[in-house]
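Data block for data-v4.tsv (TSV, C-alpha atoms (C1' of nucleotides)):
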chain	number	residue	atom	x	y	z
A	1032	MET	CA	-67.01	-24.89	82.94
A	1033	ARG	CA	-63.98	-25.43	85.08
A	1034	LEU	CA	-61.85	-23.05	87.09
A	1035	SER	CA	-58.21	-23.51	86.11
A	1036	ARG	CA	-55.49	-24.28	88.61
A	1037	LYS	CA	-53.95	-21.03	87.56
A	1038	SER	CA	-56.88	-18.99	88.80
A	1039	GLU	CA	-57.21	-21.15	91.86
A	1040	TYR	CA	-53.56	-20.61	92.76
A	1041	GLY	CA	-53.87	-16.93	91.97
A	1042	LEU	CA	-56.81	-16.54	94.30
A	1043	ARG	CA	-55.10	-18.48	97.05
A	1044	ALA	CA	-52.06	-16.25	96.70
A	1045	LEU	CA	-54.23	-13.16	96.84
A	1046	LEU	CA	-55.75	-14.43	100.03
A	1047	GLU	CA	-52.33	-14.41	101.65
A	1048	LEU	CA	-51.53	-11.03	100.17
A	1049	THR	CA	-54.79	-9.62	101.46
A	1050	LYS	CA	-53.90	-10.80	104.94
A	1051	ALA	CA	-50.62	-8.92	104.68
A	1052	TYR	CA	-52.15	-5.85	103.04
A	1053	ASP	CA	-50.54	-2.61	104.25
A	1054	GLN	CA	-48.14	-4.59	106.39
A	1055	VAL	CA	-45.42	-6.68	104.81
A	1056	ALA	CA	-44.33	-7.89	101.41
A	1057	LEU	CA	-44.48	-11.65	100.87
A	1058	ARG	CA	-41.88	-13.64	99.01
A	1059	ARG	CA	-43.08	-16.04	96.34
A	1060	SER	CA	-41.61	-18.85	98.36
A	1061	ASP	CA	-43.63	-17.84	101.42
A	1062	ILE	CA	-46.85	-17.78	99.45
A	1063	ALA	CA	-46.05	-21.02	97.70
A	1064	GLU	CA	-45.43	-22.74	101.00
A	1065	ALA	CA	-48.45	-21.34	102.80
A	1066	GLN	CA	-50.83	-22.30	100.03
A	1067	HIS	CA	-49.18	-25.45	98.67
A	1068	VAL	CA	-48.60	-24.05	95.23
A	1069	PRO	CA	-45.67	-24.91	92.91
A	1070	VAL	CA	-43.36	-21.94	93.23
A	1071	GLY	CA	-42.38	-21.81	89.58
A	1072	PHE	CA	-45.93	-21.68	88.36
A	1073	LEU	CA	-46.83	-19.17	91.03
A	1074	GLU	CA	-44.15	-16.90	89.64
A	1075	THR	CA	-45.86	-16.48	86.31
A	1076	ILE	CA	-49.16	-15.96	88.03
A	1077	LEU	CA	-47.87	-13.23	90.32
A	1078	LEU	CA	-46.25	-11.49	87.39
A	1079	GLU	CA	-49.48	-11.45	85.42
A	1080	LEU	CA	-51.24	-9.96	88.39
A	1081	LYS	CA	-48.48	-7.40	88.65
A	1082	ARG	CA	-48.76	-6.41	85.00
A	1083	ALA	CA	-52.46	-6.03	85.51
A	1084	GLY	CA	-51.81	-3.50	88.23
A	1085	ILE	CA	-53.07	-5.50	91.17
A	1086	LEU	CA	-49.74	-6.39	92.72
A	1087	GLY	CA	-46.51	-4.49	93.26
A	1088	SER	CA	-43.12	-6.03	93.93
A	1089	ARG	CA	-39.57	-5.28	94.92
A	1090	PRO	CA	-36.47	-7.45	94.67
A	1091	GLY	CA	-33.94	-7.88	97.40
A	1092	VAL	CA	-33.99	-8.32	101.13
A	1093	GLN	CA	-37.33	-7.40	102.65
A	1094	GLY	CA	-38.65	-7.56	99.10
A	1095	GLY	CA	-41.51	-9.55	97.72
A	1096	TYR	CA	-45.00	-8.98	96.44
A	1097	ARG	CA	-47.74	-6.89	97.93
A	1098	LEU	CA	-51.29	-5.98	97.08
A	1099	ILE	CA	-51.33	-2.39	95.84
A	1100	LYS	CA	-55.08	-1.99	95.47
A	1101	PRO	CA	-57.49	-1.92	98.39
A	1102	PRO	CA	-58.99	-5.40	98.78
A	1103	GLU	CA	-62.47	-3.95	98.48
A	1104	ASP	CA	-61.62	-2.65	95.00
A	1105	VAL	CA	-60.54	-5.96	93.51
A	1106	SER	CA	-63.17	-8.49	92.51
A	1107	VAL	CA	-62.72	-12.19	92.08
A	1108	GLY	CA	-64.10	-11.74	88.58
A	1109	GLN	CA	-61.31	-9.34	87.69
A	1110	VAL	CA	-58.70	-11.80	88.89
A	1111	ILE	CA	-60.13	-14.69	86.93
A	1112	ARG	CA	-60.36	-12.58	83.78
A	1113	ILE	CA	-56.69	-11.68	84.12
A	1114	LEU	CA	-55.55	-15.23	84.63
A	1115	ASP	CA	-58.02	-17.27	82.62
A	1116	GLY	CA	-59.52	-14.86	80.15
A	1117	PRO	CA	-63.17	-13.96	79.72
A	1118	LEU	CA	-65.83	-15.39	82.01
A	1119	ALA	CA	-68.20	-16.04	79.12
A	1120	PRO	CA	-68.69	-19.69	78.17
A	1121	ILE	CA	-68.44	-18.76	74.48
A	1122	PRO	CA	-66.72	-15.77	72.89
A	1123	CYS	CA	-69.87	-14.49	71.20
A	1124	VAL	CA	-71.40	-13.51	74.54
A	1125	SER	CA	-68.34	-11.98	76.16
A	1126	ARG	CA	-68.61	-8.36	77.07
A	1127	THR	CA	-64.91	-7.90	77.72
A	1128	ALA	CA	-63.68	-9.98	74.77
A	1129	TYR	CA	-66.44	-10.32	72.20
A	1130	GLN	CA	-65.77	-12.34	69.09
A	1131	THR	CA	-68.12	-13.56	66.37
A	1132	CYS	CA	-68.21	-17.33	65.98
A	1133	GLN	CA	-66.93	-18.58	62.71
A	1134	ASP	CA	-68.64	-21.68	61.45
A	1135	CYS	CA	-71.84	-21.12	63.36
A	1136	PRO	CA	-74.82	-21.47	61.03
A	1137	TYR	CA	-76.66	-18.86	63.06
A	1138	SER	CA	-74.05	-16.17	63.31
A	1139	GLU	CA	-75.51	-14.17	60.45
A	1140	ALA	CA	-79.16	-14.60	61.32
A	1141	ARG	CA	-78.31	-13.26	64.79
A	1142	ASN	CA	-80.64	-15.65	66.54
A	1143	CYS	CA	-78.37	-18.40	67.78
A	1144	PRO	CA	-80.15	-20.33	70.54
A	1145	ILE	CA	-76.88	-21.27	72.17
A	1146	GLN	CA	-75.88	-17.65	72.24
A	1147	ASN	CA	-79.12	-16.84	74.02
A	1148	VAL	CA	-78.64	-19.35	76.82
A	1149	MET	CA	-74.97	-18.64	77.22
A	1150	PHE	CA	-75.64	-14.96	77.44
A	1151	ASP	CA	-77.73	-15.63	80.52
A	1152	VAL	CA	-75.04	-17.89	81.91
A	1153	ARG	CA	-72.37	-15.27	81.41
A	1154	ASN	CA	-74.44	-12.73	83.26
A	1155	ALA	CA	-75.13	-15.14	86.08
A	1156	ILE	CA	-71.44	-15.92	86.50
A	1157	ALA	CA	-70.33	-12.31	86.23
A	1158	GLY	CA	-73.04	-11.29	88.65
A	1159	VAL	CA	-71.54	-13.47	91.32
A	1160	LEU	CA	-67.86	-13.00	90.60
A	1161	ASP	CA	-67.86	-9.27	89.97
A	1162	GLY	CA	-69.77	-8.70	93.17
A	1163	TYR	CA	-67.29	-10.60	95.26
A	1164	THR	CA	-64.25	-8.61	96.39
A	1165	LEU	CA	-61.00	-9.76	97.92
A	1166	ARG	CA	-62.16	-8.14	101.13
A	1167	ALA	CA	-65.23	-10.35	101.31
A	1168	PHE	CA	-63.11	-13.25	100.23
A	1169	TYR	CA	-60.73	-12.69	103.10
A	1170	ASP	CA	-63.38	-11.95	105.70
A	1171	ARG	CA	-65.09	-15.18	104.95
A	1172	ASP	CA	-61.78	-16.87	105.58
A	1173	ARG	CA	-61.36	-15.31	109.01
A	1174	LYS	CA	-64.94	-15.89	110.11
A	1175	SER	CA	-64.90	-19.44	111.31
A	1176	SER	CA	-61.93	-20.77	113.24
A	1177	SER	CA	-59.00	-19.83	111.03
A	1178	PRO	CA	-56.93	-22.60	109.47
A	1179	LYS	CA	-53.65	-23.79	110.82
A	1180	ILE	CA	-51.56	-22.06	108.23
A	1181	SER	CA	-49.48	-18.95	108.39
A	1182	GLN	CA	-50.76	-17.45	111.58
A	1183	THR	CA	-47.39	-18.26	113.05
A	1184	SER	CA	-45.41	-18.86	109.89
A	1185	ARG	CA	-43.87	-15.41	109.60
A	1186	LYS	CA	-40.36	-15.81	110.87
B	517	MET	CA	-65.13	-21.27	82.20
B	518	ARG	CA	-65.56	-22.36	78.66
B	519	LEU	CA	-68.19	-24.45	76.95
B	520	SER	CA	-66.51	-27.26	75.03
B	521	ARG	CA	-67.02	-27.85	71.34
B	522	LYS	CA	-68.44	-31.18	72.31
B	523	SER	CA	-71.31	-29.65	74.22
B	524	GLU	CA	-71.77	-27.01	71.60
B	525	TYR	CA	-72.04	-29.62	68.87
B	526	GLY	CA	-74.29	-31.72	71.03
B	527	LEU	CA	-76.67	-28.85	71.61
B	528	ARG	CA	-76.70	-27.97	67.95
B	529	ALA	CA	-77.50	-31.56	67.11
B	530	LEU	CA	-80.30	-31.61	69.64
B	531	LEU	CA	-81.75	-28.53	68.06
B	532	GLU	CA	-82.13	-30.42	64.80
B	533	LEU	CA	-83.51	-33.44	66.60
B	534	THR	CA	-86.01	-31.29	68.45
B	535	LYS	CA	-87.22	-29.92	65.13
B	536	ALA	CA	-87.79	-33.46	63.94
B	537	TYR	CA	-89.28	-34.67	67.22
B	538	ASP	CA	-92.17	-37.12	66.68
B	539	GLN	CA	-91.63	-36.95	62.97
B	540	VAL	CA	-88.53	-38.45	61.41
B	541	ALA	CA	-85.22	-39.94	62.41
B	542	LEU	CA	-82.15	-38.00	61.33
B	543	ARG	CA	-78.95	-39.54	60.07
B	544	ARG	CA	-75.70	-38.39	61.61
B	545	SER	CA	-74.65	-37.16	58.21
B	546	ASP	CA	-77.77	-35.00	57.94
B	547	ILE	CA	-77.17	-33.45	61.31
B	548	ALA	CA	-73.49	-32.96	60.65
B	549	GLU	CA	-74.23	-31.18	57.42
B	550	ALA	CA	-77.01	-29.00	58.79
B	551	GLN	CA	-74.96	-27.83	61.73
B	552	HIS	CA	-71.45	-27.86	60.27
B	553	VAL	CA	-70.12	-30.42	62.68
B	554	PRO	CA	-67.43	-33.03	61.92
B	555	VAL	CA	-69.39	-36.22	61.40
B	556	GLY	CA	-66.91	-38.47	63.15
B	557	PHE	CA	-66.92	-36.41	66.30
B	558	LEU	CA	-70.67	-36.06	66.17
B	559	GLU	CA	-70.89	-39.83	66.24
B	560	THR	CA	-69.37	-40.12	69.69
B	561	ILE	CA	-71.52	-37.30	70.93
B	562	LEU	CA	-74.76	-38.82	69.70
B	563	LEU	CA	-73.85	-42.14	71.24
B	564	GLU	CA	-73.22	-40.58	74.62
B	565	LEU	CA	-76.59	-38.92	74.46
B	566	LYS	CA	-78.10	-42.23	73.53
B	567	ARG	CA	-76.51	-44.05	76.45
B	568	ALA	CA	-77.83	-41.33	78.69
B	569	GLY	CA	-81.35	-42.11	77.53
B	570	ILE	CA	-82.03	-38.92	75.64
B	571	LEU	CA	-81.73	-40.25	72.12
B	572	GLY	CA	-82.84	-43.44	70.44
B	573	SER	CA	-81.46	-44.80	67.20
B	574	ARG	CA	-81.94	-47.42	64.53
B	575	PRO	CA	-79.64	-48.64	61.80
B	576	GLY	CA	-80.60	-49.18	58.21
B	577	VAL	CA	-82.75	-47.40	55.68
B	578	GLN	CA	-85.05	-44.84	57.26
B	579	GLY	CA	-82.88	-45.20	60.33
B	580	GLY	CA	-81.06	-42.59	62.29
B	581	TYR	CA	-81.33	-40.82	65.61
B	582	ARG	CA	-84.36	-39.38	67.25
B	583	LEU	CA	-85.17	-37.61	70.47
B	584	ILE	CA	-87.01	-40.02	72.74
B	585	LYS	CA	-87.79	-37.64	75.57
B	586	PRO	CA	-90.22	-34.73	75.26
B	587	PRO	CA	-88.18	-31.57	74.58
B	588	GLU	CA	-89.74	-29.91	77.61
B	589	ASP	CA	-88.27	-32.63	79.83
B	590	VAL	CA	-84.66	-32.22	78.78
B	591	SER	CA	-82.67	-29.29	80.11
B	592	VAL	CA	-79.58	-27.77	78.61
B	593	GLY	CA	-77.91	-28.39	81.95
B	594	GLN	CA	-78.54	-32.12	81.68
B	595	VAL	CA	-77.03	-32.22	78.23
B	596	ILE	CA	-73.90	-30.37	79.25
B	597	ARG	CA	-73.45	-32.60	82.29
B	598	ILE	CA	-73.62	-35.66	80.08
B	599	LEU	CA	-71.11	-34.36	77.57
B	600	ASP	CA	-68.79	-32.22	79.67
B	601	GLY	CA	-69.27	-33.41	83.20
B	602	PRO	CA	-70.37	-31.38	86.23
B	603	LEU	CA	-71.34	-27.74	85.88
B	604	ALA	CA	-69.46	-26.79	89.04
B	605	PRO	CA	-66.24	-24.79	88.52
B	606	ILE	CA	-64.49	-26.97	91.10
B	607	PRO	CA	-65.31	-30.50	92.22
B	608	CYS	CA	-65.79	-29.56	95.87
B	609	VAL	CA	-68.98	-27.64	95.08
B	610	SER	CA	-70.54	-30.07	92.64
B	611	ARG	CA	-73.87	-31.50	93.67
B	612	THR	CA	-73.90	-34.21	91.04
B	613	ALA	CA	-70.21	-35.14	91.34
B	614	TYR	CA	-68.84	-33.95	94.66
B	615	GLN	CA	-65.19	-34.58	95.42
B	616	THR	CA	-62.99	-33.29	98.20
B	617	CYS	CA	-60.01	-31.30	97.01
B	618	GLN	CA	-56.71	-32.86	97.80
B	619	ASP	CA	-53.94	-30.39	98.50
B	620	CYS	CA	-56.24	-27.58	99.58
B	621	PRO	CA	-55.05	-26.16	102.91
B	622	TYR	CA	-58.67	-25.44	103.82
B	623	SER	CA	-60.28	-28.72	102.99
B	624	GLU	CA	-60.23	-29.92	106.57
B	625	ALA	CA	-61.18	-26.67	108.24
B	626	ARG	CA	-64.25	-26.60	105.96
B	627	ASN	CA	-64.06	-22.88	105.41
B	628	CYS	CA	-62.38	-22.53	102.07
B	629	PRO	CA	-63.10	-19.08	100.65
B	630	ILE	CA	-62.81	-20.31	97.09
B	631	GLN	CA	-65.33	-22.99	97.84
B	632	ASN	CA	-67.70	-20.34	99.11
B	633	VAL	CA	-67.56	-18.21	95.97
B	634	MET	CA	-67.64	-21.14	93.63
B	635	PHE	CA	-70.62	-22.56	95.39
B	636	ASP	CA	-72.53	-19.43	94.45
B	637	VAL	CA	-71.23	-19.63	90.91
B	638	ARG	CA	-72.31	-23.23	90.57
B	639	ASN	CA	-75.79	-22.36	91.71
B	640	ALA	CA	-75.96	-19.41	89.35
B	641	ILE	CA	-74.95	-21.53	86.40
B	642	ALA	CA	-77.20	-24.43	87.30
B	643	GLY	CA	-80.05	-22.02	87.88
B	644	VAL	CA	-79.89	-20.88	84.29
B	645	LEU	CA	-79.04	-24.14	82.57
B	646	ASP	CA	-81.37	-26.42	84.48
B	647	GLY	CA	-84.25	-24.06	83.86
B	648	TYR	CA	-83.70	-24.02	80.15
B	649	THR	CA	-85.31	-26.88	78.25
B	650	LEU	CA	-84.82	-28.06	74.69
B	651	ARG	CA	-88.31	-26.80	74.00
B	652	ALA	CA	-87.41	-23.26	75.00
B	653	PHE	CA	-84.16	-23.66	73.18
B	654	TYR	CA	-85.97	-24.60	70.01
B	655	ASP	CA	-88.73	-22.01	70.33
B	656	ARG	CA	-86.21	-19.27	70.62
B	657	ASP	CA	-84.71	-20.54	67.40
B	658	ARG	CA	-88.02	-20.37	65.53
B	659	LYS	CA	-88.98	-16.96	66.84
B	660	SER	CA	-87.15	-14.64	64.51
B	661	SER	CA	-86.75	-15.44	60.83
B	662	SER	CA	-85.48	-19.01	60.79
B	663	PRO	CA	-82.05	-19.71	59.35
B	664	LYS	CA	-81.48	-20.96	55.86
B	665	ILE	CA	-80.65	-24.47	56.89
B	666	SER	CA	-82.53	-27.72	56.68
B	667	GLN	CA	-85.98	-26.38	55.87
B	668	THR	CA	-85.61	-27.96	52.44
B	669	SER	CA	-82.76	-30.35	53.02
B	670	ARG	CA	-84.87	-33.41	53.69
B	671	LYS	CA	-84.85	-35.40	50.51
C	1479	DA	C1'	-80.86	-64.82	51.62
C	1480	DT	C1'	-78.42	-60.85	50.00
C	1481	DA	C1'	-77.15	-56.31	49.64
C	1482	DA	C1'	-77.42	-51.64	50.91
C	1483	DT	C1'	-77.80	-48.63	54.54
C	1484	DT	C1'	-76.92	-46.99	58.85
C	1485	DC	C1'	-75.59	-47.16	63.60
C	1486	DT	C1'	-71.71	-49.19	67.11
C	1487	DT	C1'	-67.50	-49.72	69.20
C	1488	DA	C1'	-62.90	-49.19	70.36
C	1489	DA	C1'	-58.59	-47.71	69.54
C	1490	DT	C1'	-55.73	-44.11	68.72
C	1491	DA	C1'	-53.93	-39.95	66.41
C	1492	DA	C1'	-53.63	-34.95	66.19
C	1493	DT	C1'	-54.07	-30.69	68.28
C	1494	DT	C1'	-54.49	-27.49	71.79
C	1495	DT	C1'	-54.38	-26.04	76.41
C	1496	DT	C1'	-52.76	-26.31	80.84
C	1497	DT	C1'	-49.33	-26.84	84.03
C	1498	DC	C1'	-44.91	-26.47	85.30
C	1499	DT	C1'	-39.48	-25.94	85.07
C	1500	DA	C1'	-35.03	-23.87	84.06
C	1501	DA	C1'	-31.75	-20.63	83.43
C	1502	DA	C1'	-29.81	-16.37	82.55
C	1503	DC	C1'	-30.69	-11.73	84.03
C	1504	DA	C1'	-31.87	-7.33	86.67
C	1505	DA	C1'	-32.86	-4.70	90.71
C	1506	DT	C1'	-32.50	-3.74	95.78
C	1507	DA	C1'	-30.58	-3.37	100.42
C	1508	DT	C1'	-26.80	-3.80	103.43
D	1269	DA	C1'	-19.46	-6.22	96.56
D	1270	DT	C1'	-22.55	-9.61	97.90
D	1271	DA	C1'	-26.59	-11.90	99.05
D	1272	DT	C1'	-31.28	-11.73	98.21
D	1273	DT	C1'	-35.19	-11.52	95.60
D	1274	DG	C1'	-37.95	-10.44	91.59
D	1275	DT	C1'	-38.00	-10.67	85.85
D	1276	DT	C1'	-38.06	-12.63	81.60
D	1277	DT	C1'	-38.10	-15.95	78.10
D	1278	DA	C1'	-38.24	-20.17	76.33
D	1279	DG	C1'	-39.86	-24.37	76.29
D	1280	DA	C1'	-40.82	-29.16	78.31
D	1281	DA	C1'	-44.19	-32.30	80.28
D	1282	DA	C1'	-48.68	-33.64	81.08
D	1283	DA	C1'	-53.42	-33.59	80.36
D	1284	DA	C1'	-57.52	-32.62	78.02
D	1285	DT	C1'	-59.86	-31.84	73.92
D	1286	DT	C1'	-60.99	-32.73	69.32
D	1287	DA	C1'	-61.15	-35.58	65.95
D	1288	DT	C1'	-60.30	-39.90	62.68
D	1289	DT	C1'	-60.25	-44.62	61.35
D	1290	DA	C1'	-61.62	-49.04	60.58
D	1291	DA	C1'	-63.79	-53.23	61.54
D	1292	DG	C1'	-68.26	-54.79	63.07
D	1293	DA	C1'	-73.33	-55.38	63.99
D	1294	DA	C1'	-78.20	-54.32	63.30
D	1295	DT	C1'	-82.06	-53.09	60.22
D	1296	DT	C1'	-84.61	-52.71	56.05
D	1297	DA	C1'	-85.58	-53.44	51.16
D	1298	DT	C1'	-85.44	-56.51	47.50

Can you dump the structure from the file as structure tokens?
Amino acid sequence: MRLSRKSEYGLRALLELTKAYDQVALRRSDIAEAQHVPVGFLETILLELKRAGILGSRPGVQGGYRLIKPPEDVSVGQVIRILDGPLAPIPCVSRTAYQTCQDCPYSEARNCPIQNVMFDVRNAIAGVLDGYTLRAFYDRDRKSSSPKISQTSRK
Amino acid sequence: MRLSRKSEYGLRALLELTKAYDQVALRRSDIAEAQHVPVGFLETILLELKRAGILGSRPGVQGGYRLIKPPEDVSVGQVIRILDGPLAPIPCVSRTAYQTCQDCPYSEARNCPIQNVMFDVRNAIAGVLDGYTLRAFYDRDRKSSSPKISQTSRK
DNA sequence: ATAATTCTTAATAATTTTTCTAAACAATAT
DNA sequence: ATATTGTTTAGAAAAATTATTAAGAATTAT
């Protein structure tokens, strides 16, 4: 039931990119520095988010990554699904990536007790994460006295 | 966000033990067979549940494991915490195993956006799993036509 | 007592997943 | 052209998960 570093880094990066939305492109190295993320790993993460259509990028001077969807249209749930796969605790209750369990003595009888509980868990998790957009994510960051990072770090 | 095999096996085992509650002790080999679980792995799982005070056991003929708490007093959440650790997606929102994140640029400012979302997720998950007892778990199993296992497998 | 049965413990092996790095390559702006 | 920055692929390193093994200890039946 753990959030991977990958998703954590991805969300932290998106926080920076939401700040810069409609303004400037951010280089991987900028993001990595601002959020204390290994730059190499961040690379793969940003690319996955790009392939998923959330980020755009351009090489060269003044290049970098930028958010290409409005922050209010991207949910935290979407991001985690892209980076970590389905939210469901077990594949047989995933809505976006359903799979029958092999080896489960109940799979044929269609009354697996674990499936029942985990179905509720999946819905609970998705209910929170799909209702939470990058906009809300970012606003909550600004609310209390903003952290010491990156307010002044743009050279 | 995945349930481990360990917890899955543990819950399946507890389903069998709930069936036999107040009646007979079950041998690991019986449970393993009924639920298609590797017996060696099951061993470690049953012992952890024993150390946690949920199961009792006795060696020798007529020995085996039995549930020593009433099924209505054991929640699925408890079981998963024993076998997999905290339910929280990240340690900084765990109620049973809180830990400050090292390396998080927000940890000192106390306004980490990820922490905020994940706090809600933790509560959503715990809300479901802590409200779900082994009794409910078992009843839901009995409801529709019971599976073909272990009705007749007691020699 | 002895033997058969069953749990107990600890070490560790195998596998898979996660996390991260490297290096050659391609696109962009000046 | 050149410097800058993203792109891609492969794969290494580390960690976690999933199991296996084997020697040992407790219990019951005889």

For Gly601 of chain B: contacts at 10 Å, all atoms listed in the file, fewer than 6 positions along chain excluded, given as a CSV table (one decimal) with C-alpha atoms, in the frame of the given file:
chain,number,residue,atom,x,y,z
A,1032,MET,CA,-67.0,-24.9,82.9
A,1033,ARG,CA,-64.0,-25.4,85.1
B,523,SER,CA,-71.3,-29.6,74.2
B,594,GLN,CA,-78.5,-32.1,81.7
B,595,VAL,CA,-77.0,-32.2,78.2
B,612,THR,CA,-73.9,-34.2,91.0
B,613,ALA,CA,-70.2,-35.1,91.3

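Look at segment 1277-1286 of chain D: the protein and nucleic acid residues within 9 Å of it, using only C-alpha atoms (C1' of nucleotides) and passing over chain neighbours fewer than 4 places away, are B:Ser520, B:Arg521, B:Lys522, B:Phe557, C:DA1492, C:DT1493, C:DT1494, C:DT1495, C:DT1496, C:DT1497, C:DC1498, C:DT1499.
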
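Using all atoms listed in the file, we find that the part of chain C lying within 9 Å of chain B comprises DA1482, DT1483, DT1484, DC1485 and DT1486 of chain C.
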
(request) Do me a favour and pick out the residues of chain D within 8 Å of chain B, using all atoms listed in the file, as a PyMOL selection string. (result) chain D and resi 1286-1288+1294-1296

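The space between atom CA of Glu1079 of chain A and atom CA of Arg1097 of chain A spans 13.4 Å.
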
One decimal place gives the atom CA of Leu1080 of chain A-atom CA of Ile1062 of chain A separation as 14.2 Å

Enumerate as an MDAnalysis selection string the residues belonging to chain B that approach chain A to within 7 Å, with only C-alpha atoms taken into account. chainID B and resid 517:519 551:552 603:606 619 621:622 625 627:629 636:637 640:641 644 653 656:657 660 663

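One distance worth recording is that between atom CA of Arg651 of chain B and atom CA of Val609 of chain B, which is 28.6 Å.
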
For segment 1143-1162 of chain A, supply N, CA and C atoms and format the output as a short mmCIF file (atom, residue, chain, number, x, y, z; two decimals), keeping the file's coordinate frame.
data_model
loop_
_atom_site.label_atom_id
_atom_site.label_comp_id
_atom_site.auth_asym_id
_atom_site.auth_seq_id
_atom_site.Cartn_x
_atom_site.Cartn_y
_atom_site.Cartn_z
N CYS A 1143 -78.93 -17.13 67.35
CA CYS A 1143 -78.37 -18.40 67.78
C CYS A 1143 -78.92 -18.76 69.15
N PRO A 1144 -79.57 -19.92 69.26
CA PRO A 1144 -80.15 -20.33 70.54
C PRO A 1144 -79.08 -20.54 71.60
N ILE A 1145 -77.95 -21.05 71.20
CA ILE A 1145 -76.88 -21.27 72.17
C ILE A 1145 -76.40 -19.93 72.71
N GLN A 1146 -76.29 -18.98 71.82
CA GLN A 1146 -75.88 -17.65 72.24
C GLN A 1146 -76.85 -17.10 73.29
N ASN A 1147 -78.13 -17.34 73.08
CA ASN A 1147 -79.12 -16.84 74.02
C ASN A 1147 -78.94 -17.43 75.43
N VAL A 1148 -78.82 -18.73 75.51
CA VAL A 1148 -78.64 -19.35 76.82
C VAL A 1148 -77.34 -18.91 77.45
N MET A 1149 -76.30 -18.92 76.67
CA MET A 1149 -74.97 -18.64 77.22
C MET A 1149 -74.83 -17.18 77.64
N PHE A 1150 -75.60 -16.35 77.01
CA PHE A 1150 -75.64 -14.96 77.44
C PHE A 1150 -76.15 -14.87 78.88
N ASP A 1151 -77.20 -15.61 79.15
CA ASP A 1151 -77.73 -15.63 80.52
C ASP A 1151 -76.72 -16.23 81.49
N VAL A 1152 -76.04 -17.26 81.04
CA VAL A 1152 -75.04 -17.89 81.91
C VAL A 1152 -73.90 -16.91 82.21
N ARG A 1153 -73.43 -16.26 81.19
CA ARG A 1153 -72.37 -15.27 81.41
C ARG A 1153 -72.76 -14.24 82.46
N ASN A 1154 -73.99 -13.74 82.32
CA ASN A 1154 -74.44 -12.73 83.26
C ASN A 1154 -74.58 -13.29 84.67
N ALA A 1155 -75.00 -14.51 84.77
CA ALA A 1155 -75.13 -15.14 86.08
C ALA A 1155 -73.75 -15.28 86.74
N ILE A 1156 -72.79 -15.74 85.97
CA ILE A 1156 -71.44 -15.92 86.50
C ILE A 1156 -70.84 -14.58 86.89
N ALA A 1157 -70.91 -13.63 85.97
CA ALA A 1157 -70.33 -12.31 86.23
C ALA A 1157 -71.02 -11.65 87.42
N GLY A 1158 -72.31 -11.87 87.53
CA GLY A 1158 -73.04 -11.29 88.65
C GLY A 1158 -72.47 -11.73 89.98
N VAL A 1159 -72.12 -12.97 90.08
CA VAL A 1159 -71.54 -13.47 91.32
C VAL A 1159 -70.10 -12.99 91.47
N LEU A 1160 -69.30 -13.22 90.46
CA LEU A 1160 -67.86 -13.00 90.60
C LEU A 1160 -67.46 -11.54 90.64
N ASP A 1161 -68.20 -10.70 89.94
CA ASP A 1161 -67.86 -9.27 89.97
C ASP A 1161 -68.37 -8.60 91.23
N GLY A 1162 -69.26 -9.27 91.93
CA GLY A 1162 -69.77 -8.70 93.17
C GLY A 1162 -69.01 -9.16 94.40
#
